[in-house]
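Everything below belongs to query-v5.tsv, which stores TSV, C-alpha atoms.
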```
chain	number	residue	atom	x	y	z
R	1	MET	CA	1.76	-24.37	-0.96
R	2	ALA	CA	1.11	-27.29	1.35
R	3	TYR	CA	-0.87	-27.48	4.59
R	4	TYR	CA	-1.00	-29.68	7.65
R	5	THR	CA	-4.47	-30.65	8.81
R	6	SER	CA	-5.75	-32.06	12.06
R	7	THR	CA	-8.89	-32.38	14.10
R	8	THR	CA	-6.91	-31.25	17.13
R	9	ARG	CA	-6.25	-27.54	17.02
R	10	SER	CA	-3.52	-27.69	19.65
R	11	GLU	CA	-1.39	-29.90	17.39
R	12	LEU	CA	-1.31	-27.16	14.78
R	13	GLU	CA	-0.69	-24.50	17.41
R	14	ALA	CA	2.29	-26.56	18.56
R	15	TYR	CA	3.55	-26.71	14.98
R	16	ASN	CA	3.27	-22.92	14.71
R	17	THR	CA	5.19	-22.56	17.97
R	18	SER	CA	7.95	-24.85	16.74
R	19	VAL	CA	8.38	-22.75	13.61
R	20	VAL	CA	8.32	-19.49	15.58
R	21	ASN	CA	10.97	-20.78	17.95
R	22	GLY	CA	13.08	-22.16	15.15
R	23	GLU	CA	12.92	-19.01	13.05
R	24	GLY	CA	13.43	-16.59	15.92
R	25	TYR	CA	10.86	-14.00	14.80
R	26	ASP	CA	11.27	-10.63	16.46
R	27	GLY	CA	7.93	-10.82	18.25
R	28	VAL	CA	7.01	-7.31	17.17
R	29	TYR	CA	6.74	-7.10	13.39
R	30	THR	CA	6.46	-10.87	13.09
R	31	THR	CA	4.89	-12.94	15.83
R	32	ASP	CA	3.61	-16.13	14.17
R	33	TRP	CA	4.39	-18.42	11.32
R	34	ALA	CA	0.81	-18.99	10.15
R	35	SER	CA	-2.75	-18.70	11.29
R	36	ILE	CA	-4.86	-21.73	12.15
R	37	ILE	CA	-7.58	-22.18	9.54
R	38	GLU	CA	-10.81	-23.57	10.90
R	39	HIS	CA	-13.05	-25.53	8.56
R	40	PRO	CA	-16.68	-24.34	8.59
R	41	ASN	CA	-17.64	-27.79	9.93
R	42	GLY	CA	-16.02	-26.76	13.19
R	43	SER	CA	-14.02	-29.94	13.60
R	44	ASP	CA	-11.16	-29.73	11.10
R	45	TYR	CA	-8.19	-27.39	11.22
R	46	ALA	CA	-5.28	-26.57	8.94
R	47	ILE	CA	-2.05	-24.60	8.99
R	48	LEU	CA	0.35	-23.58	6.26
R	49	LYS	CA	3.37	-25.87	6.13
R	50	HIS	CA	6.80	-24.26	6.37
R	51	ASP	CA	9.25	-25.74	3.88
R	52	SER	CA	11.91	-26.19	6.55
R	53	TYR	CA	9.79	-27.75	9.28
R	54	THR	CA	8.06	-31.10	9.15
R	55	ALA	CA	5.64	-32.68	11.61
R	56	GLU	CA	3.81	-35.94	12.13
R	57	LEU	CA	0.62	-34.48	10.72
R	58	THR	CA	-1.56	-35.06	7.70
R	59	GLU	CA	-0.23	-33.07	4.76
R	60	GLU	CA	-2.49	-31.65	2.05
R	61	GLU	CA	-1.17	-30.07	-1.13
R	62	THR	CA	-3.96	-27.51	-1.08
R	63	LEU	CA	-7.18	-26.69	0.69
R	64	GLY	CA	-10.46	-26.85	-1.15
R	65	ALA	CA	-12.89	-23.97	-1.42
R	66	GLU	CA	-15.06	-25.66	1.21
R	67	TRP	CA	-12.54	-24.57	3.81
R	68	PHE	CA	-13.25	-20.89	3.22
R	69	PRO	CA	-16.63	-19.42	4.16
R	70	GLN	CA	-18.29	-16.77	2.04
R	71	ASP	CA	-19.10	-13.36	3.38
R	72	ILE	CA	-22.53	-11.94	4.05
R	73	THR	CA	-23.59	-10.49	0.73
R	74	GLU	CA	-27.12	-9.22	1.09
M	1	MET	CA	36.08	32.03	-6.48
M	2	LEU	CA	36.05	35.69	-7.39
M	3	LEU	CA	32.31	35.80	-7.27
M	4	GLY	CA	31.18	37.02	-3.90
M	5	LEU	CA	34.54	38.38	-2.83
M	6	GLY	CA	34.28	41.98	-1.73
M	7	LEU	CA	30.56	41.80	-1.18
M	8	ASN	CA	29.04	42.87	2.10
M	9	LEU	CA	27.45	40.20	4.17
M	10	ASN	CA	23.89	41.12	4.98
M	11	LYS	CA	22.55	39.00	7.78
M	12	GLY	CA	18.97	39.80	6.86
M	13	GLY	CA	16.75	36.79	6.29
M	14	PHE	CA	17.33	35.13	3.00
M	15	VAL	CA	15.85	31.98	4.45
M	16	LYS	CA	12.56	33.19	3.01
M	17	ILE	CA	13.85	32.02	-0.39
M	18	PRO	CA	15.27	28.64	0.54
M	19	TYR	CA	16.78	27.46	-2.72
M	20	TYR	CA	19.01	30.44	-3.49
M	21	ALA	CA	19.60	31.10	0.20
M	22	VAL	CA	20.95	27.60	0.56
M	23	LEU	CA	23.13	28.01	-2.53
M	24	ALA	CA	24.41	31.36	-1.30
M	25	ASN	CA	25.25	30.00	2.12
M	26	GLU	CA	26.99	27.00	0.64
M	27	PHE	CA	28.97	29.26	-1.69
M	28	LYS	CA	29.84	31.61	1.16
M	29	ALA	CA	31.16	28.71	3.21
M	30	ARG	CA	33.24	27.54	0.30
M	31	VAL	CA	34.69	31.02	-0.33
M	32	GLU	CA	35.54	31.43	3.32
M	33	SER	CA	37.17	28.03	3.45
M	34	ASP	CA	39.46	29.24	0.67
M	35	GLY	CA	40.37	32.30	2.70
M	36	GLY	CA	38.04	34.73	0.99
M	37	SER	CA	35.04	36.57	2.34
M	38	VAL	CA	31.52	37.38	1.32
M	39	GLU	CA	30.47	40.84	2.29
M	40	ASN	CA	26.95	40.92	0.89
M	41	LEU	CA	24.93	37.73	0.81
M	42	SER	CA	22.10	39.52	-0.99
M	43	CYS	CA	24.31	40.36	-3.92
M	44	LEU	CA	25.68	36.86	-3.93
M	45	LYS	CA	22.18	35.46	-4.12
M	46	LYS	CA	21.41	37.67	-7.12
M	47	ASP	CA	24.65	36.59	-8.77
M	48	LEU	CA	23.69	32.97	-8.31
M	49	LYS	CA	20.29	33.59	-9.88
M	50	VAL	CA	22.01	34.99	-12.96
M	51	LEU	CA	24.47	32.13	-13.19
M	52	ASN	CA	21.99	29.43	-12.31
M	53	PRO	CA	18.58	30.78	-13.32
M	54	ILE	CA	16.76	27.46	-13.52
M	55	LYS	CA	15.45	26.70	-10.10
M	56	PRO	CA	14.65	23.02	-9.74
M	57	PRO	CA	10.94	22.56	-9.19
M	58	ALA	CA	9.96	21.64	-5.68
M	59	PHE	CA	8.56	18.15	-5.39
M	60	THR	CA	4.78	18.09	-5.21
M	61	GLY	CA	3.13	14.80	-4.40
M	62	LEU	CA	-0.27	13.51	-5.35
M	63	LEU	CA	-1.56	14.20	-1.86
M	64	ASN	CA	-0.31	17.78	-2.02
M	65	ASP	CA	-2.50	18.33	-5.06
M	66	TYR	CA	-5.39	16.10	-4.00
M	67	SER	CA	-5.55	16.13	-0.23
M	68	GLY	CA	-8.02	14.55	2.14
M	69	ALA	CA	-7.19	10.88	1.67
M	70	ALA	CA	-8.30	8.53	4.41
M	71	ALA	CA	-5.35	6.26	3.74
M	72	ALA	CA	-2.60	6.22	1.14
M	73	TYR	CA	-0.17	3.39	0.45
M	74	SER	CA	2.52	3.64	-2.15
M	75	LEU	CA	6.11	2.79	-2.98
M	76	ARG	CA	6.65	6.39	-4.06
M	77	LEU	CA	6.42	9.51	-1.94
M	78	LEU	CA	2.94	10.99	-2.16
M	79	ASP	CA	3.26	14.07	0.03
M	80	ASN	CA	6.20	16.44	0.43
M	81	THR	CA	5.45	16.83	4.12
M	82	TYR	CA	5.53	13.11	4.83
M	83	THR	CA	8.72	12.17	6.66
M	84	GLY	CA	8.04	8.54	7.50
M	85	ASN	CA	9.08	5.34	5.81
M	86	ALA	CA	7.43	3.51	2.95
M	87	ILE	CA	7.54	-0.01	4.36
M	88	THR	CA	9.10	-2.24	6.95
M	89	VAL	CA	10.37	-5.57	5.68
M	90	ARG	CA	11.46	-8.90	7.11
M	91	ARG	CA	14.31	-10.65	5.38
M	92	SER	CA	14.32	-14.40	4.93
M	93	SER	CA	17.94	-14.96	5.91
M	94	ASP	CA	17.51	-14.28	9.61
M	95	ASN	CA	13.98	-12.84	9.98
M	96	THR	CA	15.22	-9.46	11.17
M	97	THR	CA	13.34	-6.37	10.04
M	98	GLN	CA	14.26	-2.96	8.69
M	99	ALA	CA	12.29	0.13	7.71
M	100	ILE	CA	12.81	1.33	4.14
M	101	GLY	CA	12.25	4.94	3.20
M	102	PHE	CA	12.50	7.04	0.07
M	103	VAL	CA	15.36	8.35	-2.05
M	104	ASN	CA	14.49	10.94	-4.68
M	105	ASN	CA	10.82	10.38	-3.84
M	106	GLU	CA	10.98	6.70	-4.75
M	107	LEU	CA	11.39	3.59	-2.63
M	108	ASP	CA	14.99	3.22	-1.50
M	109	THR	CA	15.56	-0.04	-3.34
M	110	ALA	CA	19.32	0.13	-2.82
M	111	SER	CA	18.89	-0.09	0.95
M	112	LEU	CA	16.18	-2.69	0.49
M	113	GLU	CA	18.39	-4.98	-1.59
M	114	THR	CA	21.40	-4.46	0.65
M	115	PHE	CA	19.30	-5.53	3.60
M	116	ALA	CA	17.78	-8.52	1.80
M	117	GLY	CA	21.13	-9.77	0.57
M	118	SER	CA	20.71	-12.73	-1.75
M	119	GLY	CA	17.48	-13.81	-0.09
M	120	ASP	CA	13.86	-12.69	-0.02
M	121	ALA	CA	12.14	-9.87	1.82
M	122	PHE	CA	8.54	-9.61	2.91
M	123	VAL	CA	6.45	-6.60	3.87
M	124	THR	CA	5.42	-6.44	7.51
M	125	THR	CA	4.15	-2.85	7.38
M	126	TRP	CA	3.00	-0.57	4.58
M	127	TYR	CA	2.88	2.91	5.99
M	128	ASP	CA	-0.02	5.28	5.44
M	129	GLN	CA	1.18	8.56	3.95
M	130	SER	CA	-2.15	10.36	4.46
M	131	GLY	CA	-1.22	11.54	7.93
M	132	ASN	CA	-3.97	9.50	9.52
M	133	GLY	CA	-1.67	6.79	10.82
M	134	PHE	CA	-3.68	4.11	9.08
M	135	ASP	CA	-0.70	1.80	8.57
M	136	VAL	CA	-1.43	-1.74	7.47
M	137	THR	CA	0.54	-4.62	8.92
M	138	GLN	CA	0.95	-8.36	8.87
M	139	THR	CA	2.61	-10.07	11.82
M	140	THR	CA	2.09	-13.62	10.55
M	141	ALA	CA	5.10	-14.56	8.46
M	142	GLY	CA	3.29	-16.90	6.11
M	143	ASN	CA	0.80	-14.13	5.26
M	144	GLN	CA	3.32	-11.38	4.52
M	145	PRO	CA	3.47	-10.25	0.88
M	146	GLN	CA	6.82	-10.27	-0.87
M	147	ILE	CA	8.88	-7.41	-2.29
M	148	VAL	CA	12.33	-8.93	-2.83
M	149	SER	CA	12.95	-12.27	-4.51
M	150	SER	CA	16.42	-13.82	-4.44
M	151	GLY	CA	18.07	-10.46	-3.86
M	152	SER	CA	16.17	-8.49	-6.50
M	153	THR	CA	13.34	-6.05	-5.91
M	154	ILE	CA	10.15	-7.26	-7.57
M	155	THR	CA	9.16	-4.70	-10.20
M	156	GLU	CA	6.54	-3.88	-12.78
M	157	GLY	CA	7.21	-1.20	-15.34
M	158	SER	CA	10.62	-0.67	-13.70
M	159	LYS	CA	8.92	0.35	-10.45
M	160	PRO	CA	8.89	-1.72	-7.25
M	161	ILE	CA	5.71	-3.62	-6.48
M	162	ILE	CA	4.41	-5.82	-3.67
M	163	ASP	CA	3.43	-9.38	-4.54
M	164	PHE	CA	0.44	-11.00	-2.81
M	165	ASP	CA	0.34	-14.75	-3.43
M	166	GLY	CA	-3.45	-15.10	-3.66
M	167	SER	CA	-3.48	-17.84	-1.02
M	168	ASN	CA	-3.06	-16.08	2.30
M	169	ASP	CA	-1.11	-12.84	1.88
M	170	TYR	CA	-2.72	-9.65	3.08
M	171	LEU	CA	-2.18	-6.53	5.18
M	172	LEU	CA	-4.65	-5.10	7.63
M	173	ASN	CA	-5.49	-2.28	9.96
M	174	ALA	CA	-7.75	-3.07	12.88
M	175	GLY	CA	-9.84	0.02	12.30
M	176	SER	CA	-12.38	1.39	9.89
M	177	ILE	CA	-12.54	4.43	7.68
M	178	SER	CA	-14.77	7.33	8.64
M	179	TYR	CA	-16.71	7.96	5.45
M	180	ASN	CA	-17.86	11.45	4.69
M	181	GLY	CA	-19.93	11.54	1.55
M	182	GLY	CA	-18.91	8.35	-0.16
M	183	VAL	CA	-15.75	6.49	-0.99
M	184	SER	CA	-13.15	6.76	-3.75
M	185	TRP	CA	-10.06	4.72	-4.38
M	186	TYR	CA	-7.27	4.55	-6.90
M	187	SER	CA	-4.97	1.58	-7.30
M	188	VAL	CA	-2.18	0.35	-9.53
M	189	GLN	CA	-1.95	-3.41	-9.74
M	190	ARG	CA	-0.93	-6.32	-11.91
M	191	LEU	CA	-3.11	-9.25	-10.98
M	192	ASP	CA	-2.32	-12.88	-11.67
M	193	SER	CA	-6.00	-13.79	-11.70
M	194	VAL	CA	-9.32	-12.03	-11.23
M	195	SER	CA	-12.50	-13.22	-9.58
M	196	SER	CA	-15.61	-11.95	-7.86
M	197	THR	CA	-14.18	-13.45	-4.68
M	198	LYS	CA	-10.70	-11.94	-4.93
M	199	ARG	CA	-10.53	-8.59	-3.19
M	200	ILE	CA	-8.40	-5.53	-3.89
M	201	TRP	CA	-9.27	-4.03	-0.54
M	202	SER	CA	-12.15	-3.95	1.87
M	203	ASP	CA	-13.44	-2.43	5.07
M	204	ASP	CA	-15.08	-5.56	6.28
M	205	ILE	CA	-14.79	-8.78	8.25
M	206	ILE	CA	-15.98	-12.02	6.71
M	207	GLY	CA	-19.05	-13.19	8.55
M	208	VAL	CA	-20.05	-9.70	9.63
M	209	GLN	CA	-21.90	-7.09	7.61
M	210	GLY	CA	-19.02	-4.73	6.96
M	211	TYR	CA	-18.87	-1.47	5.04
M	212	ASN	CA	-17.18	-2.07	1.70
M	213	GLN	CA	-15.85	-5.00	-0.31
M	214	PHE	CA	-13.95	-4.17	-3.50
M	215	PHE	CA	-13.07	-6.99	-5.86
M	216	SER	CA	-11.08	-7.60	-9.02
M	217	GLN	CA	-14.22	-8.76	-10.80
M	218	SER	CA	-17.76	-7.42	-10.52
M	219	PRO	CA	-19.59	-6.70	-8.30
M	220	HIS	CA	-18.31	-4.45	-5.54
M	221	LYS	CA	-20.41	-4.59	-2.38
M	222	ILE	CA	-21.22	-1.51	-0.33
M	223	ASN	CA	-23.19	-1.31	2.90
M	224	ASP	CA	-26.34	0.73	2.27
M	225	ASN	CA	-27.05	2.59	5.50
M	226	GLY	CA	-26.84	-0.58	7.53
M	227	THR	CA	-29.88	-2.07	5.79
M	228	GLY	CA	-28.00	-4.44	3.51
M	229	ILE	CA	-25.15	-4.84	1.08
M	230	GLU	CA	-25.71	-3.35	-2.37
M	231	SER	CA	-23.87	-4.78	-5.35
M	232	VAL	CA	-22.27	-2.30	-7.74
M	233	THR	CA	-21.36	-3.61	-11.15
M	234	PHE	CA	-18.21	-2.64	-12.99
M	235	ASN	CA	-15.90	-3.78	-15.75
M	236	SER	CA	-13.57	-6.45	-14.49
M	237	LEU	CA	-9.87	-5.95	-14.24
M	238	THR	CA	-7.62	-7.93	-16.56
M	239	ALA	CA	-5.16	-10.54	-15.37
M	240	ASN	CA	-1.47	-10.28	-16.24
M	241	THR	CA	-1.78	-6.63	-17.20
M	242	ARG	CA	-0.76	-3.69	-15.08
M	243	GLN	CA	-3.74	-1.35	-14.73
M	244	LEU	CA	-4.79	1.85	-13.06
M	245	ASN	CA	-8.13	1.35	-11.42
M	246	SER	CA	-10.31	4.13	-10.05
M	247	PHE	CA	-13.68	4.06	-8.34
M	248	ASN	CA	-15.61	7.10	-7.10
M	249	PHE	CA	-18.88	6.71	-5.25
M	250	ASP	CA	-21.25	9.42	-4.03
M	251	ASP	CA	-23.19	7.90	-1.16
M	252	SER	CA	-25.80	10.68	-1.14
M	253	ASN	CA	-27.37	9.44	-4.37
M	254	GLY	CA	-25.57	6.24	-5.41
M	255	ALA	CA	-23.87	7.83	-8.42
M	256	TYR	CA	-20.55	6.29	-9.23
M	257	ASN	CA	-17.92	6.09	-11.88
M	258	TYR	CA	-15.38	3.42	-12.49
M	259	ALA	CA	-12.37	3.69	-14.73
M	260	ILE	CA	-9.64	1.37	-15.90
M	261	ASP	CA	-6.63	3.12	-17.37
M	262	GLY	CA	-8.61	6.34	-17.50
M	263	SER	CA	-11.47	4.91	-19.53
M	264	ASN	CA	-14.52	5.85	-17.54
M	265	THR	CA	-17.91	4.28	-17.04
M	266	SER	CA	-20.52	6.17	-15.05
M	267	ALA	CA	-23.73	4.84	-13.56
M	268	THR	CA	-26.09	5.19	-10.64
M	269	LYS	CA	-26.80	2.38	-8.24
M	270	SER	CA	-30.53	1.75	-8.33
M	271	GLY	CA	-32.24	1.30	-5.00
M	272	TRP	CA	-29.49	3.03	-3.13
M	273	THR	CA	-30.61	4.75	0.07
M	274	GLY	CA	-27.33	5.77	1.64
M	275	PRO	CA	-25.17	6.85	3.24
M	276	ILE	CA	-22.56	4.11	3.55
M	277	GLY	CA	-23.44	2.11	6.62
M	278	THR	CA	-20.88	2.41	9.36
M	279	SER	CA	-22.39	0.39	12.16
M	280	GLY	CA	-20.91	-2.87	13.26
M	281	THR	CA	-17.35	-4.09	13.15
M	282	ALA	CA	-14.83	-4.08	10.34
M	283	ASN	CA	-11.12	-4.01	9.62
M	284	VAL	CA	-9.41	-2.63	6.58
M	285	GLY	CA	-7.80	-5.42	4.60
M	286	ILE	CA	-5.50	-4.92	1.65
M	287	MET	CA	-5.93	-7.68	-0.95
M	288	SER	CA	-8.34	-9.49	1.36
M	289	ALA	CA	-11.10	-9.12	3.88
M	290	GLY	CA	-10.09	-7.34	7.04
M	291	ASN	CA	-9.68	-10.64	8.84
M	292	GLY	CA	-8.21	-12.54	5.90
M	293	GLY	CA	-10.01	-14.58	3.29
M	294	GLN	CA	-11.02	-13.88	-0.32
M	295	TYR	CA	-7.40	-13.04	-1.05
M	296	GLY	CA	-6.45	-10.92	-4.01
M	297	ASP	CA	-3.99	-12.60	-6.34
M	298	GLY	CA	-1.23	-10.43	-7.74
M	299	LYS	CA	0.85	-7.36	-7.22
M	300	LEU	CA	0.02	-3.91	-5.91
M	301	GLN	CA	2.04	-0.70	-6.31
M	302	GLU	CA	-0.26	1.94	-4.94
M	303	LEU	CA	-3.64	2.28	-3.24
M	304	ILE	CA	-5.12	5.62	-2.26
M	305	ILE	CA	-8.46	5.76	-0.46
M	306	TYR	CA	-10.62	8.84	0.01
M	307	PRO	CA	-13.58	8.93	2.40
M	308	ASN	CA	-15.74	10.78	-0.11
M	309	ASP	CA	-16.54	11.19	-3.78
M	310	GLN	CA	-13.53	12.38	-5.77
M	311	SER	CA	-15.20	12.34	-9.19
M	312	THR	CA	-14.29	15.94	-9.89
M	313	ASN	CA	-10.63	15.13	-9.27
M	314	ARG	CA	-10.61	11.79	-11.04
M	315	THR	CA	-8.86	12.90	-14.20
M	316	GLY	CA	-6.22	14.82	-12.29
M	317	ILE	CA	-5.47	11.98	-9.91
M	318	GLU	CA	-5.29	9.49	-12.76
M	319	THR	CA	-2.95	11.76	-14.67
M	320	ASN	CA	-0.68	12.09	-11.66
M	321	ILE	CA	-0.54	8.33	-11.24
M	322	ASN	CA	-0.03	7.58	-14.91
M	323	ASP	CA	2.64	10.24	-15.25
M	324	HIS	CA	4.61	8.35	-12.64
M	325	TYR	CA	3.92	4.75	-13.61
M	326	SER	CA	3.44	5.07	-17.40
M	327	ILE	CA	0.66	2.51	-17.45
M	328	TYR	CA	-1.27	3.57	-20.54
```
Structure re-expressed in structure tokens:
Amino acid sequence: MAYYTSTTRSELEAYNTSVVNGEGYDGVYTTDWASIIEHPNGSDYAILKHDSYTAELTEEETLGAEWFPQDITE
Amino acid sequence: MLLGLGLNLNKGGFVKIPYYAVLANEFKARVESDGGSVENLSCLKKDLKVLNPIKPPAFTGLLNDYSGAAAAYSLRLLDNTYTGNAITVRRSSDNTTQAIGFVNNELDTASLETFAGSGDAFVTTWYDQSGNGFDVTQTTAGNQPQIVSSGSTITEGSKPIIDFDGSNDYLLNAGSISYNGGVSWYSVQRLDSVSSTKRIWSDDIIGVQGYNQFFSQSPHKINDNGTGIESVTFNSLTANTRQLNSFNFDDSNGAYNYAIDGSNTSATKSGWTGPIGTSGTANVGIMSAGNGGQYGDGKLQELIIYPNDQSTNRTGIETNINDHYSIY
């Protein structure tokens, strides 16, 4: 499961839009290809790569645990 | 065809006994279509009882026997008054969707596979059978769990099951459960991996102090009257094994029991004040937090949530589930 990463959120939003347009989702039960993942550092972003759609973006094979914040536990 | 001929038709209400009334009416129609007549439907009904004395038992679902669920998700019918669908799916071939209901109280896999064709199908909605309308959905394609792979329904123990990939798949409802004395839940799953950060379900949003977080590995985390999150220890689930998991928590005193495949462990949460805190914001997330994250990894067949302590019904509920799924 690969991801595209960028420091520019709009680039990943544009990638999502290109997949949505290409796939022709119904807009009701399915509205997006993937959610933008924001790194806790606030400056890096990622989106799940669709196997059928490529983009001029940095590709990562996986995202490390540092991308995912922990919940409040106590 | 001789049966029923010469009998008097009594128009008085046999509808009070549906099964034999239906049979009698069907038989009457057949006799009349052959040119005969039925003069007494009451006698005909009695004749049918003699000839066909074994009345098929009416279907009774788990929720008929153990009512009061806050939310109930399953790929089998849980309530004989529920008339909705089980799921809505998106197929991979053209991304169109279709609702899939029940046949003989089980998921209509024939319709599901016909719709999916030779491709895959993903769950966009898992309908709540409790009557509370607490459906869980996923409108982001890449986060939708899978139920058909290459034209075949994904199964465990010959029953359909929904596969969550452990990376980003989850279903959610943008609401919270109204707890009334505690929380209990029963689930059937086959996990690919277990972890104290992989959730089965939760009423919570990551980054906010939610209500409940239930994991595949100890501890569960429950909001104690808004004062903090209390950790509740339990025996971890096992990866690559289908299991029936039950958890019953009394929020008046912190007493709880936890069972895997009917083997029960009871304890009391020390320091518990209660009741379950319900201030703040949360979503219900299935196999994740309510806003995604801490994704459960594996497959889920059924999840029934009660807003209170169901300890006294635990054995009965487990028996109902195991009778259907043959887990242990």
Closest of R:Asp51, R:Pro69, R:Glu23, R:Leu12 to Ser35 in chain R - atom-to-atom distances counting only C-alpha atoms:
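Of all the options, R:Leu12 lies closest to Ser35 in chain R.
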Where does chain M meet chain R within 8 Å, residue by residue, with the nearest atom pair and distance in Å to one decimal for each, counting all atoms listed in the file, listed by chain and rising number, as JSON lines?
```
{"residue": "M:Asp94", "atom": "CA", "partner": "R:Glu23", "partner_atom": "CA", "distance": 7.4}
{"residue": "M:Asn95", "atom": "CA", "partner": "R:Tyr25", "partner_atom": "CA", "distance": 5.9}
{"residue": "M:Thr96", "atom": "CA", "partner": "R:Asp26", "partner_atom": "CA", "distance": 6.7}
{"residue": "M:Thr97", "atom": "CA", "partner": "R:Tyr29", "partner_atom": "CA", "distance": 7.4}
{"residue": "M:Thr124", "atom": "CA", "partner": "R:Tyr29", "partner_atom": "CA", "distance": 6.1}
{"residue": "M:Thr125", "atom": "CA", "partner": "R:Tyr29", "partner_atom": "CA", "distance": 7.8}
{"residue": "M:Gln138", "atom": "CA", "partner": "R:Thr30", "partner_atom": "CA", "distance": 7.4}
{"residue": "M:Thr139", "atom": "CA", "partner": "R:Thr30", "partner_atom": "CA", "distance": 4.1}
{"residue": "M:Thr140", "atom": "CA", "partner": "R:Asp32", "partner_atom": "CA", "distance": 4.7}
{"residue": "M:Ala141", "atom": "CA", "partner": "R:Trp33", "partner_atom": "CA", "distance": 4.9}
{"residue": "M:Gly142", "atom": "CA", "partner": "R:Ala34", "partner_atom": "CA", "distance": 5.2}
{"residue": "M:Asn143", "atom": "CA", "partner": "R:Ala34", "partner_atom": "CA", "distance": 6.9}
{"residue": "M:Ile205", "atom": "CA", "partner": "R:Asp71", "partner_atom": "CA", "distance": 8.0}
{"residue": "M:Ile206", "atom": "CA", "partner": "R:Asp71", "partner_atom": "CA", "distance": 4.8}
{"residue": "M:Gly207", "atom": "CA", "partner": "R:Asp71", "partner_atom": "CA", "distance": 5.2}
{"residue": "M:Val208", "atom": "CA", "partner": "R:Ile72", "partner_atom": "CA", "distance": 6.5}
{"residue": "M:Gln209", "atom": "CA", "partner": "R:Ile72", "partner_atom": "CA", "distance": 6.0}
{"residue": "M:Lys221", "atom": "CA", "partner": "R:Thr73", "partner_atom": "CA", "distance": 7.4}
{"residue": "M:Gly228", "atom": "CA", "partner": "R:Glu74", "partner_atom": "CA", "distance": 5.4}
{"residue": "M:Ile229", "atom": "CA", "partner": "R:Glu74", "partner_atom": "CA", "distance": 4.8}
{"residue": "M:Glu230", "atom": "CA", "partner": "R:Glu74", "partner_atom": "CA", "distance": 7.0}
{"residue": "M:Gly293", "atom": "CA", "partner": "R:Phe68", "partner_atom": "CA", "distance": 7.1}
```
Report the distance between CA of Lys299 in chain M and CA of Arg242 in chain M in Å, rounded to one decimal place.
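These two atoms are separated by 8.8 Å.
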Residues within 12 Å of Thr7 in chain R, please, as a ChimeraX atom specification. Count all atoms listed in the file; anything in the same chain fewer than 2 positions from it doesn't count.
/R:4-5,9-13,36-39,41-47,57-58
Which polymer residues have any atom within 9 Å of an atom of Tyr170 in chain M, counting all atoms listed in the file, with same-chain residues fewer than 2 positions away left out, as JSON, numbers by chain?
{"M": [137, 138, 143, 144, 145, 164, 165, 166, 168, 172, 285, 286, 287, 288, 289, 290, 292, 293, 295, 296]}
Mind checking which residues fall within 8 Å of Thr233 in chain M, counting all atoms listed in the file, ignoring those fewer than 5 positions away in the same chain, and posting them as a CSV table (one decimal) with C-alpha atoms, in the coordinates of the input?
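Dumped everything to selection-v3.csv:
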```csv
chain,number,residue,atom,x,y,z
M,218,SER,CA,-17.8,-7.4,-10.5
M,219,PRO,CA,-19.6,-6.7,-8.3
M,220,HIS,CA,-18.3,-4.4,-5.5
```
